[in-house]
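Novice: Here you go, this is work.cif (mmCIF, C-alpha atoms (C1' of nucleotides)).
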```
data_target
loop_
_atom_site.label_atom_id
_atom_site.label_comp_id
_atom_site.auth_asym_id
_atom_site.auth_seq_id
_atom_site.Cartn_x
_atom_site.Cartn_y
_atom_site.Cartn_z
CA MET A 148 0.00 0.00 0.00
CA SER A 149 1.32 3.41 -0.97
CA SER A 150 1.53 6.11 1.68
CA LEU A 151 -1.22 8.00 -0.14
CA ASP A 152 -3.46 4.93 -0.02
CA LEU A 153 -2.83 4.66 3.71
CA ALA A 154 -3.45 8.35 4.36
CA PHE A 155 -6.71 8.47 2.39
CA ALA A 156 -7.94 5.23 3.96
CA ALA A 157 -7.04 6.44 7.45
CA LEU A 158 -8.91 9.70 6.90
CA ALA A 159 -12.00 7.98 5.45
CA ASP A 160 -13.24 7.14 8.94
CA PRO A 161 -15.00 9.98 10.82
CA THR A 162 -13.74 8.78 14.21
CA ARG A 163 -10.19 8.99 12.94
CA ARG A 164 -10.75 12.44 11.44
CA ARG A 165 -12.06 13.58 14.84
CA ILE A 166 -8.96 12.15 16.48
CA VAL A 167 -6.75 14.03 14.03
CA ALA A 168 -8.70 17.23 14.72
CA ARG A 169 -8.32 16.86 18.48
CA LEU A 170 -4.60 16.24 18.19
CA THR A 171 -4.01 19.67 16.69
CA ARG A 172 -4.44 20.96 20.26
CA GLY A 173 -1.38 19.01 21.33
CA GLU A 174 -0.40 15.60 22.67
CA LEU A 175 -3.04 13.30 24.18
CA ARG A 176 -3.00 9.84 25.69
CA VAL A 177 -5.05 6.96 24.26
CA THR A 178 -7.46 7.21 27.21
CA ASP A 179 -7.91 10.96 26.69
CA LEU A 180 -8.63 10.36 23.03
CA ALA A 181 -11.12 7.61 23.80
CA GLN A 182 -13.07 9.60 26.36
CA PRO A 183 -15.57 11.41 24.06
CA PHE A 184 -16.31 8.39 21.85
CA ALA A 185 -19.21 5.96 22.25
CA MET A 186 -17.01 2.94 21.72
CA SER A 187 -14.59 0.82 23.70
CA LEU A 188 -11.07 1.95 24.51
CA ASN A 189 -9.87 -0.99 22.46
CA ALA A 190 -11.64 0.30 19.38
CA VAL A 191 -10.01 3.70 19.77
CA SER A 192 -6.64 2.03 20.33
CA LYS A 193 -7.13 0.30 16.98
CA HIS A 194 -8.01 3.58 15.27
CA VAL A 195 -4.87 5.16 16.69
CA LYS A 196 -2.85 2.27 15.32
CA VAL A 197 -4.33 2.84 11.85
CA LEU A 198 -3.39 6.52 12.04
CA GLU A 199 0.08 5.54 13.22
CA GLY A 200 0.38 3.09 10.33
CA ALA A 201 -0.43 5.92 7.95
CA GLY A 202 2.20 8.11 9.59
CA LEU A 203 -0.44 10.59 10.71
CA VAL A 204 0.29 10.04 14.37
CA ARG A 205 3.47 9.49 16.32
CA ARG A 206 3.62 7.74 19.67
CA ARG A 207 5.83 8.66 22.62
CA ARG A 208 5.83 6.16 25.50
CA GLU A 209 6.25 7.56 28.99
CA GLY A 210 5.90 4.83 31.57
CA ARG A 211 2.51 3.24 31.15
CA GLU A 212 1.15 6.21 29.24
CA HIS A 213 1.38 6.63 25.49
CA TYR A 214 1.31 10.20 24.24
CA LEU A 215 0.15 10.71 20.67
CA ARG A 216 0.94 13.69 18.52
CA LEU A 217 -0.04 14.64 15.01
CA ARG A 218 2.38 14.30 12.11
CA ALA A 219 1.49 16.69 9.31
CA ALA A 220 3.50 15.12 6.48
CA PRO A 221 0.78 12.72 5.21
CA LEU A 222 -1.78 15.51 5.35
CA ARG A 223 0.51 17.55 3.13
CA GLU A 224 0.74 14.64 0.70
CA VAL A 225 -3.03 14.44 0.54
CA ALA A 226 -3.24 18.19 0.06
CA ARG A 227 -0.63 18.02 -2.69
CA TRP A 228 -2.43 15.24 -4.55
CA THR A 229 -5.77 16.96 -4.24
CA SER A 230 -4.47 20.37 -5.27
CA GLN A 231 -3.57 18.93 -8.68
CA TYR A 232 -7.28 19.27 -9.34
CA GLU A 233 -7.55 22.88 -8.27
CA ARG A 234 -6.41 23.59 -11.82
CA PHE A 235 -9.26 21.37 -13.01
CA TRP A 236 -12.04 22.95 -11.01
CA ASN A 237 -10.89 26.47 -11.83
CA GLN A 238 -10.89 25.41 -15.45
CA ARG A 239 -14.50 24.23 -15.06
CA LEU A 240 -15.39 27.61 -13.59
CA ASP A 241 -13.57 29.24 -16.50
CA ALA A 242 -15.55 27.04 -18.87
CA LEU A 243 -18.74 28.18 -17.17
CA GLY A 244 -17.52 31.75 -17.50
CA ALA A 245 -16.83 31.26 -21.21
CA PHE A 246 -20.27 29.73 -21.64
CA LEU A 247 -21.91 32.66 -19.90
CA ASP A 248 -19.91 35.07 -22.06
CA LYS A 249 -21.06 33.20 -25.15
CA GLN A 250 -24.65 33.45 -23.95
CA THR A 251 -24.23 37.19 -23.53
CA GLU A 252 -22.74 37.41 -27.03
CA ASN A 253 -25.81 35.66 -28.43
CA ASP A 254 -28.08 37.98 -26.47
CA ASP A 255 -26.27 40.89 -28.13
CA GLU A 256 -26.74 39.33 -31.56
CA GLY A 257 -30.43 38.97 -30.82
CA SER A 258 -30.71 42.65 -29.91
CA GLN A 259 -29.12 43.87 -33.15
CA MET B 93 -21.89 8.04 5.54
CA SER B 94 -20.95 11.68 5.18
CA SER B 95 -19.88 12.98 1.79
CA LEU B 96 -16.37 13.47 3.16
CA ASP B 97 -16.29 9.82 4.28
CA LEU B 98 -17.35 8.76 0.81
CA ALA B 99 -14.82 11.01 -0.94
CA PHE B 100 -11.88 9.90 1.20
CA ALA B 101 -12.87 6.24 0.92
CA ALA B 102 -13.28 6.52 -2.85
CA LEU B 103 -9.86 8.12 -3.20
CA ALA B 104 -8.15 5.55 -0.97
CA ASP B 105 -7.96 3.07 -3.84
CA PRO B 106 -5.12 3.60 -6.33
CA THR B 107 -7.19 2.31 -9.26
CA ARG B 108 -9.84 4.89 -8.51
CA ARG B 109 -7.29 7.68 -8.16
CA ARG B 110 -5.93 6.71 -11.59
CA ILE B 111 -9.45 6.83 -13.00
CA VAL B 112 -9.93 10.30 -11.54
CA ALA B 113 -6.61 11.40 -13.01
CA ARG B 114 -7.53 10.12 -16.47
CA LEU B 115 -10.90 11.83 -16.39
CA THR B 116 -9.28 15.26 -16.15
CA ARG B 117 -8.58 14.84 -19.88
CA GLY B 118 -12.30 14.73 -20.57
CA GLU B 119 -15.16 12.26 -20.82
CA LEU B 120 -14.45 8.56 -21.22
CA ARG B 121 -16.60 5.46 -21.52
CA VAL B 122 -16.41 2.58 -19.05
CA THR B 123 -14.60 0.46 -21.65
CA ASP B 124 -12.05 3.22 -22.32
CA LEU B 125 -11.42 3.55 -18.62
CA ALA B 126 -11.01 -0.20 -18.19
CA GLN B 127 -8.55 -0.61 -21.05
CA PRO B 128 -5.25 0.10 -19.21
CA PHE B 129 -6.11 -1.90 -16.08
CA ALA B 130 -5.15 -5.50 -15.40
CA MET B 131 -8.60 -6.39 -14.12
CA SER B 132 -11.98 -7.26 -15.54
CA LEU B 133 -14.32 -4.68 -17.04
CA ASN B 134 -16.75 -5.57 -14.28
CA ALA B 135 -14.23 -4.62 -11.63
CA VAL B 136 -13.70 -1.22 -13.26
CA SER B 137 -17.45 -0.78 -13.59
CA LYS B 138 -17.68 -1.29 -9.83
CA HIS B 139 -14.94 1.25 -9.18
CA VAL B 140 -16.77 3.76 -11.34
CA LYS B 141 -19.89 3.14 -9.32
CA VAL B 142 -18.01 3.86 -6.11
CA LEU B 143 -16.71 7.13 -7.56
CA GLU B 144 -20.23 7.95 -8.72
CA GLY B 145 -21.56 7.21 -5.23
CA ALA B 146 -19.05 9.68 -3.83
CA GLY B 147 -20.14 12.28 -6.37
CA LEU B 148 -16.70 12.33 -7.95
CA VAL B 149 -18.01 11.12 -11.29
CA ARG B 150 -21.12 11.87 -13.26
CA ARG B 151 -22.59 9.53 -15.86
CA ARG B 152 -24.18 10.51 -19.17
CA ARG B 153 -25.90 7.70 -21.08
CA GLU B 154 -25.80 7.88 -24.87
CA GLY B 155 -27.33 4.78 -26.38
CA ARG B 156 -25.46 1.78 -25.08
CA GLU B 157 -22.43 3.87 -24.11
CA HIS B 158 -21.99 5.54 -20.74
CA TYR B 159 -19.78 8.62 -20.72
CA LEU B 160 -18.18 9.50 -17.42
CA ARG B 161 -16.91 12.91 -16.43
CA LEU B 162 -15.20 14.23 -13.35
CA ARG B 163 -17.06 16.28 -10.77
CA ALA B 164 -14.69 18.52 -8.84
CA ALA B 165 -16.91 19.37 -5.87
CA PRO B 166 -15.93 16.43 -3.60
CA LEU B 167 -12.26 17.06 -4.38
CA ARG B 168 -12.74 20.61 -3.20
CA GLU B 169 -14.33 19.35 0.00
CA VAL B 170 -11.33 17.12 0.61
CA ALA B 171 -9.00 20.01 -0.15
CA ARG B 172 -10.92 22.25 2.22
CA TRP B 173 -10.84 19.73 5.07
CA THR B 174 -7.16 19.05 4.57
CA SER B 175 -6.19 22.71 4.29
CA GLN B 176 -7.39 23.24 7.87
CA TYR B 177 -4.09 21.61 8.77
CA GLU B 178 -1.93 23.83 6.61
CA ARG B 179 -2.06 26.16 9.59
CA PHE B 180 -0.84 23.27 11.72
CA TRP B 181 2.09 22.22 9.58
CA ASN B 182 3.24 25.79 9.05
CA GLN B 183 3.12 26.15 12.80
CA ARG B 184 5.34 23.05 13.13
CA LEU B 185 7.78 24.59 10.65
CA ASP B 186 7.64 27.81 12.67
CA ALA B 187 8.37 25.78 15.80
CA LEU B 188 11.34 24.24 14.02
CA GLY B 189 12.42 27.72 12.97
CA ALA B 190 12.16 28.94 16.57
CA PHE B 191 14.18 25.93 17.71
CA LEU B 192 16.89 26.63 15.15
CA ASP B 193 16.94 30.30 16.18
CA LYS B 194 17.33 29.20 19.80
CA GLN B 195 20.22 26.92 18.79
CA THR B 196 21.92 29.82 17.04
CA GLU B 197 21.40 31.97 20.13
CA ASN B 198 23.14 29.30 22.22
CA ASP B 199 25.96 29.08 19.68
CA ASP B 200 26.43 32.83 20.07
CA GLU B 201 26.52 32.48 23.84
CA GLY B 202 29.19 29.83 23.47
CA SER B 203 31.32 32.09 21.29
CA GLN B 204 31.31 34.96 23.77
"C1'" DC C 56 3.36 -6.71 47.79
"C1'" DA C 57 -1.24 -5.96 46.24
"C1'" DA C 58 -4.46 -3.07 43.94
"C1'" DA C 59 -5.42 0.07 40.32
"C1'" DC C 60 -4.34 2.01 35.96
"C1'" DA C 61 -2.88 2.47 30.87
"C1'" DT C 62 -2.44 -0.02 27.23
"C1'" DT C 63 -2.05 -3.88 24.03
"C1'" DC C 64 -2.91 -8.70 22.39
"C1'" DA C 65 -5.87 -12.34 20.86
"C1'" DA C 66 -9.97 -14.34 19.47
"C1'" DC C 67 -14.17 -13.69 17.61
"C1'" DC C 68 -18.07 -11.68 14.82
"C1'" DT C 69 -20.41 -9.08 11.13
"C1'" DT C 70 -20.21 -6.06 7.29
"C1'" DT C 71 -17.69 -4.11 3.55
"C1'" DT C 72 -14.41 -4.30 -0.14
"C1'" DG C 73 -12.34 -5.68 -4.29
"C1'" DG C 74 -12.16 -9.05 -7.22
"C1'" DT C 75 -14.04 -13.09 -10.10
"C1'" DT C 76 -17.36 -15.50 -13.51
"C1'" DG C 77 -21.63 -16.10 -15.96
"C1'" DA C 78 -25.94 -14.44 -17.45
"C1'" DA C 79 -29.14 -10.51 -18.58
"C1'" DT C 80 -30.29 -6.23 -21.02
"C1'" DA C 81 -30.21 -3.08 -24.44
"C1'" DA C 82 -28.34 -0.69 -28.53
"C1'" DT C 83 -25.90 -1.02 -32.87
"C1'" DA C 84 -24.18 -3.14 -37.12
"C1'" DC C 85 -24.20 -6.33 -40.74
"C1'" DG D 112 -33.05 -10.70 -37.65
"C1'" DT D 113 -28.93 -12.37 -35.93
"C1'" DA D 114 -24.36 -11.11 -34.30
"C1'" DT D 115 -21.67 -8.01 -31.83
"C1'" DT D 116 -20.86 -4.48 -28.58
"C1'" DA D 117 -21.46 -1.80 -24.10
"C1'" DT D 118 -22.81 -2.24 -19.89
"C1'" DT D 119 -24.96 -3.92 -15.67
"C1'" DC D 120 -26.81 -7.50 -12.45
"C1'" DA D 121 -26.24 -11.45 -9.48
"C1'" DA D 122 -23.87 -14.81 -7.07
"C1'" DC D 123 -19.88 -16.01 -5.10
"C1'" DC D 124 -15.28 -15.66 -2.65
"C1'" DA D 125 -11.29 -14.17 0.17
"C1'" DA D 126 -9.47 -10.63 2.70
"C1'" DA D 127 -9.88 -6.41 5.38
"C1'" DA D 128 -12.37 -3.24 8.45
"C1'" DG D 129 -14.54 -1.98 12.56
"C1'" DG D 130 -16.34 -3.39 16.46
"C1'" DT D 131 -16.77 -6.51 20.78
"C1'" DT D 132 -15.03 -9.11 25.07
"C1'" DG D 133 -11.57 -11.17 28.00
"C1'" DA D 134 -6.94 -11.86 29.28
"C1'" DA D 135 -2.06 -10.30 29.40
"C1'" DT D 136 1.68 -6.89 30.16
"C1'" DG D 137 3.76 -3.28 32.44
"C1'" DT D 138 3.77 0.84 35.53
"C1'" DT D 139 2.34 3.44 39.36
"C1'" DT D 140 0.33 3.96 43.93
"C1'" DG D 141 -1.02 2.88 48.60
#
```
As structure tokens, please, write out the structure in this file.
Specialist:
Amino acid sequence: MSSLDLAFAALADPTRRRIVARLTRGELRVTDLAQPFAMSLNAVSKHVKVLEGAGLVRRRREGREHYLRLRAAPLREVARWTSQYERFWNQRLDALGAFLDKQTENDDEGSQ
Amino acid sequence: MSSLDLAFAALADPTRRRIVARLTRGELRVTDLAQPFAMSLNAVSKHVKVLEGAGLVRRRREGREHYLRLRAAPLREVARWTSQYERFWNQRLDALGAFLDKQTENDDEGSQ
DNA sequence: CAAACATTCAACCTTTTGGTTGAATAATAC
DNA sequence: GTATTATTCAACCAAAAGGTTGAATGTTTG
């Protein structure tokens, strides 16, 4: 699996996106992360492992506690891949613009 | 499933990302899309349906042929979600910058 | 040392995913 | 009107995903 595959797959789950969002505030332990979710700690632990596997999260062990922090690199990769298409959607807007211009042209013709 | 879930999940598969990439060139039929892939036409047809379900692709039927074209909206949604974290990764770079500045400061101290 | 805590591991279950093959449907071409 | 072409539908399969529970592993605390 490519790193882009892993990043997109990791971010496809809403629980994991919420985890990512919460980690922008700073480091949190697995238990802290699990607290607001209506699922077992084990389930959250698994989600964290998926994020870790995608490189989105880094783990720092301190005694029995594991502190997680966000790694931005995979998010940048996703942003980079996606932004290829900015060109495309601007182009579509341009095409719409050209179409509207054409319409206006025709309106002018009609009024002559 | 939220539209963001669907978009991320759809883009997590490399075959589907390749399909998206090819569709920036313009409309293609299912058969055209399937041609370069080492899998059955049926498999590609399924992938197209996933992309369609995520709103990334729109289908136009013309006789027995189905023409697919790219819809940019979900890509924009993904870009928008991801760009929230631009702030975050710039901040990390800033933190690195501050760290390096601090190092330099200490170097100066040492040289006094 | 014993109890409590933070976390993972392992086994299990159900649903989804990504692929296959074979048949159905519908439009086109000869 | 019979092939051929474009596509989907349906059934099936293996593997992965997302969850559960229960036990194991370490670490901290009393």
Novice: Taking all atoms listed in the file into account, report as a list of chain:residue names which residues of chain B lie within 9 Å of chain C.
Specialist: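 In the required form, that comes to B:Met131, B:Ser132, B:Ala135, B:Lys138, B:His139, B:Gly155, B:Arg156, B:Glu157.
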Novice: Distance atom CA of A:Gln182-atom CA of A:Pro221, one decimal place?
Specialist: 25.5 Å
Novice: Under the rule that all atoms listed in the file are counted, which of A:Tyr214, A:Leu222, A:Arg164, A:Arg206 is the nearest residue to A:Asp152?
Specialist: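 Of the candidates, the smallest distance to A:Asp152 is held by A:Leu222.
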Novice: Please produce chain A as an mmCIF file with C-alpha atoms, in the frame of the given file once it has been superposed on chain B, the fit using all Cα atoms paired in sequence order.
Specialist:
```cif
data_model
loop_
_atom_site.group_PDB
_atom_site.id
_atom_site.type_symbol
_atom_site.label_atom_id
_atom_site.label_comp_id
_atom_site.auth_asym_id
_atom_site.auth_seq_id
_atom_site.Cartn_x
_atom_site.Cartn_y
_atom_site.Cartn_z
ATOM 1 C CA MET A 148 -21.685 8.064 5.590
ATOM 2 C CA SER A 149 -20.723 11.706 5.235
ATOM 3 C CA SER A 150 -19.697 13.002 1.826
ATOM 4 C CA LEU A 151 -16.163 13.454 3.149
ATOM 5 C CA ASP A 152 -16.077 9.822 4.270
ATOM 6 C CA LEU A 153 -17.200 8.764 0.806
ATOM 7 C CA ALA A 154 -14.694 10.985 -0.985
ATOM 8 C CA PHE A 155 -11.722 9.860 1.119
ATOM 9 C CA ALA A 156 -12.735 6.203 0.845
ATOM 10 C CA ALA A 157 -13.215 6.494 -2.915
ATOM 11 C CA LEU A 158 -9.783 8.069 -3.323
ATOM 12 C CA ALA A 159 -8.050 5.482 -1.105
ATOM 13 C CA ASP A 160 -7.937 3.007 -3.983
ATOM 14 C CA PRO A 161 -5.129 3.537 -6.538
ATOM 15 C CA THR A 162 -7.249 2.246 -9.429
ATOM 16 C CA ARG A 163 -9.875 4.839 -8.631
ATOM 17 C CA ARG A 164 -7.290 7.613 -8.331
ATOM 18 C CA ARG A 165 -5.993 6.621 -11.782
ATOM 19 C CA ILE A 166 -9.532 6.773 -13.123
ATOM 20 C CA VAL A 167 -9.979 10.248 -11.657
ATOM 21 C CA ALA A 168 -6.667 11.329 -13.200
ATOM 22 C CA ARG A 169 -7.645 10.043 -16.636
ATOM 23 C CA LEU A 170 -10.999 11.787 -16.495
ATOM 24 C CA THR A 171 -9.364 15.201 -16.292
ATOM 25 C CA ARG A 172 -8.722 14.768 -20.033
ATOM 26 C CA GLY A 173 -12.452 14.691 -20.661
ATOM 27 C CA GLU A 174 -15.338 12.238 -20.863
ATOM 28 C CA LEU A 175 -14.662 8.507 -21.267
ATOM 29 C CA ARG A 176 -16.829 5.427 -21.526
ATOM 30 C CA VAL A 177 -16.603 2.551 -19.033
ATOM 31 C CA THR A 178 -14.854 0.407 -21.663
ATOM 32 C CA ASP A 179 -12.309 3.151 -22.393
ATOM 33 C CA LEU A 180 -11.612 3.479 -18.694
ATOM 34 C CA ALA A 181 -11.221 -0.265 -18.267
ATOM 35 C CA GLN A 182 -8.820 -0.706 -21.157
ATOM 36 C CA PRO A 183 -5.476 -0.015 -19.380
ATOM 37 C CA PHE A 184 -6.303 -1.998 -16.228
ATOM 38 C CA ALA A 185 -5.352 -5.613 -15.524
ATOM 39 C CA MET A 186 -8.787 -6.468 -14.214
ATOM 40 C CA SER A 187 -12.200 -7.335 -15.580
ATOM 41 C CA LEU A 188 -14.538 -4.741 -17.039
ATOM 42 C CA ASN A 189 -16.925 -5.610 -14.240
ATOM 43 C CA ALA A 190 -14.375 -4.642 -11.623
ATOM 44 C CA VAL A 191 -13.839 -1.274 -13.278
ATOM 45 C CA SER A 192 -17.602 -0.798 -13.550
ATOM 46 C CA LYS A 193 -17.767 -1.293 -9.783
ATOM 47 C CA HIS A 194 -14.990 1.238 -9.200
ATOM 48 C CA VAL A 195 -16.839 3.757 -11.347
ATOM 49 C CA LYS A 196 -19.950 3.171 -9.277
ATOM 50 C CA VAL A 197 -17.996 3.888 -6.080
ATOM 51 C CA LEU A 198 -16.713 7.139 -7.578
ATOM 52 C CA GLU A 199 -20.244 7.991 -8.672
ATOM 53 C CA GLY A 200 -21.517 7.253 -5.167
ATOM 54 C CA ALA A 201 -18.969 9.702 -3.811
ATOM 55 C CA GLY A 202 -20.084 12.320 -6.323
ATOM 56 C CA LEU A 203 -16.667 12.324 -7.965
ATOM 57 C CA VAL A 204 -18.021 11.134 -11.278
ATOM 58 C CA ARG A 205 -21.167 11.895 -13.212
ATOM 59 C CA ARG A 206 -22.685 9.570 -15.780
ATOM 60 C CA ARG A 207 -24.333 10.563 -19.056
ATOM 61 C CA ARG A 208 -26.094 7.739 -20.918
ATOM 62 C CA GLU A 209 -26.075 7.899 -24.698
ATOM 63 C CA GLY A 210 -27.643 4.800 -26.170
ATOM 64 C CA ARG A 211 -25.718 1.806 -24.934
ATOM 65 C CA GLU A 212 -22.700 3.895 -24.015
ATOM 66 C CA HIS A 213 -22.192 5.563 -20.661
ATOM 67 C CA TYR A 214 -19.970 8.625 -20.680
ATOM 68 C CA LEU A 215 -18.299 9.511 -17.398
ATOM 69 C CA ARG A 216 -17.002 12.910 -16.453
ATOM 70 C CA LEU A 217 -15.237 14.211 -13.391
ATOM 71 C CA ARG A 218 -17.051 16.275 -10.778
ATOM 72 C CA ALA A 219 -14.635 18.484 -8.874
ATOM 73 C CA ALA A 220 -16.816 19.364 -5.876
ATOM 74 C CA PRO A 221 -15.791 16.416 -3.633
ATOM 75 C CA LEU A 222 -12.144 17.019 -4.467
ATOM 76 C CA ARG A 223 -12.594 20.585 -3.278
ATOM 77 C CA GLU A 224 -14.125 19.310 -0.044
ATOM 78 C CA VAL A 225 -11.138 17.064 0.516
ATOM 79 C CA ALA A 226 -8.794 19.932 -0.273
ATOM 80 C CA ARG A 227 -10.686 22.184 2.125
ATOM 81 C CA TRP A 228 -10.555 19.666 4.966
ATOM 82 C CA THR A 229 -6.895 18.962 4.402
ATOM 83 C CA SER A 230 -5.909 22.611 4.106
ATOM 84 C CA GLN A 231 -7.039 23.146 7.704
ATOM 85 C CA TYR A 232 -3.736 21.505 8.547
ATOM 86 C CA GLU A 233 -1.611 23.728 6.357
ATOM 87 C CA ARG A 234 -1.709 26.068 9.344
ATOM 88 C CA PHE A 235 -0.486 23.157 11.464
ATOM 89 C CA TRP A 236 2.431 22.116 9.312
ATOM 90 C CA ASN A 237 3.576 25.695 8.795
ATOM 91 C CA GLN A 238 3.421 26.072 12.545
ATOM 92 C CA ARG A 239 5.658 22.999 12.904
ATOM 93 C CA LEU A 240 8.110 24.566 10.473
ATOM 94 C CA ASP A 241 7.897 27.779 12.489
ATOM 95 C CA ALA A 242 8.565 25.762 15.630
ATOM 96 C CA LEU A 243 11.606 24.253 13.944
ATOM 97 C CA GLY A 244 12.661 27.750 12.945
ATOM 98 C CA ALA A 245 12.275 28.980 16.525
ATOM 99 C CA PHE A 246 14.276 26.006 17.754
ATOM 100 C CA LEU A 247 17.054 26.718 15.290
ATOM 101 C CA ASP A 248 17.042 30.379 16.324
ATOM 102 C CA LYS A 249 17.306 29.318 19.954
ATOM 103 C CA GLN A 250 20.233 27.072 19.072
ATOM 104 C CA THR A 251 21.946 29.998 17.385
ATOM 105 C CA GLU A 252 21.281 32.151 20.457
ATOM 106 C CA ASN A 253 22.974 29.537 22.637
ATOM 107 C CA ASP A 254 25.896 29.358 20.227
ATOM 108 C CA ASP A 255 26.260 33.126 20.643
ATOM 109 C CA GLU A 256 26.184 32.796 24.425
ATOM 110 C CA GLY A 257 28.906 30.183 24.188
ATOM 111 C CA SER A 258 31.097 32.505 22.126
ATOM 112 C CA GLN A 259 30.882 35.386 24.610
#
```
Novice: Would you tabulate, counting all atoms listed in the file, all residues of chain D that have an atom at most 12 Å from an atom of chain B, showing the closest pair of atoms and their distance in Å to one decimal, sorted by chain then ascending number, as a tab-separated table?
Specialist:
```
residue	atom	partner	partner_atom	distance
D:DT116	C1'	B:Arg156	CA	8.5
D:DA117	C1'	B:Arg156	CA	5.5
D:DT118	C1'	B:Arg156	CA	7.1
D:DT119	C1'	B:Ser137	CA	8.4
D:DC120	C1'	B:Asn134	CA	10.4
```
Novice: Fewer than 6 positions away in the same chain doesn't count, so skip those; otherwise give me all residues within 10 Å of B:Thr107, counting all atoms listed in the file, as a list in words.
Specialist: Ala113, Phe129, Val136, His139 and Val140 of chain B
Novice: Go ahead and save the residues from that selection, with C-alpha atoms, as a PDB file, keeping the file's coordinate frame.
Specialist:
```pdb
ATOM      1  CA  ALA B 113      -6.610  11.400 -13.010  1.00  0.00           C
ATOM      2  CA  PHE B 129      -6.110  -1.900 -16.080  1.00  0.00           C
ATOM      3  CA  VAL B 136     -13.700  -1.220 -13.260  1.00  0.00           C
ATOM      4  CA  HIS B 139     -14.940   1.250  -9.180  1.00  0.00           C
ATOM      5  CA  VAL B 140     -16.770   3.760 -11.340  1.00  0.00           C
TER       6      VAL B 140
END
```
Novice: Give me, please, the distance in Å between atom CA of B:Leu98 and atom CA of B:Gly147, quoted to one decimal.
Specialist: 8.5 Å
Novice: Would you output stretch 63-77 of chain C from that structure, restricted to C-alpha atoms (C1' of nucleotides), as a PDB file, in the first residue's frame?
Specialist:
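Below you can see part26.pdb, which holds the result:
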```
ATOM      1  C1'  DT C  63      -2.054  -3.877  24.033  1.00  0.00           C
ATOM      2  C1'  DC C  64      -2.910  -8.695  22.392  1.00  0.00           C
ATOM      3  C1'  DA C  65      -5.868 -12.341  20.862  1.00  0.00           C
ATOM      4  C1'  DA C  66      -9.966 -14.337  19.473  1.00  0.00           C
ATOM      5  C1'  DC C  67     -14.173 -13.693  17.614  1.00  0.00           C
ATOM      6  C1'  DC C  68     -18.068 -11.680  14.820  1.00  0.00           C
ATOM      7  C1'  DT C  69     -20.412  -9.079  11.134  1.00  0.00           C
ATOM      8  C1'  DT C  70     -20.205  -6.062   7.294  1.00  0.00           C
ATOM      9  C1'  DT C  71     -17.693  -4.110   3.545  1.00  0.00           C
ATOM     10  C1'  DT C  72     -14.406  -4.301  -0.139  1.00  0.00           C
ATOM     11  C1'  DG C  73     -12.336  -5.681  -4.293  1.00  0.00           C
ATOM     12  C1'  DG C  74     -12.157  -9.055  -7.215  1.00  0.00           C
ATOM     13  C1'  DT C  75     -14.041 -13.094 -10.101  1.00  0.00           C
ATOM     14  C1'  DT C  76     -17.364 -15.498 -13.510  1.00  0.00           C
ATOM     15  C1'  DG C  77     -21.628 -16.099 -15.957  1.00  0.00           C
TER      16       DG C  77
END
```
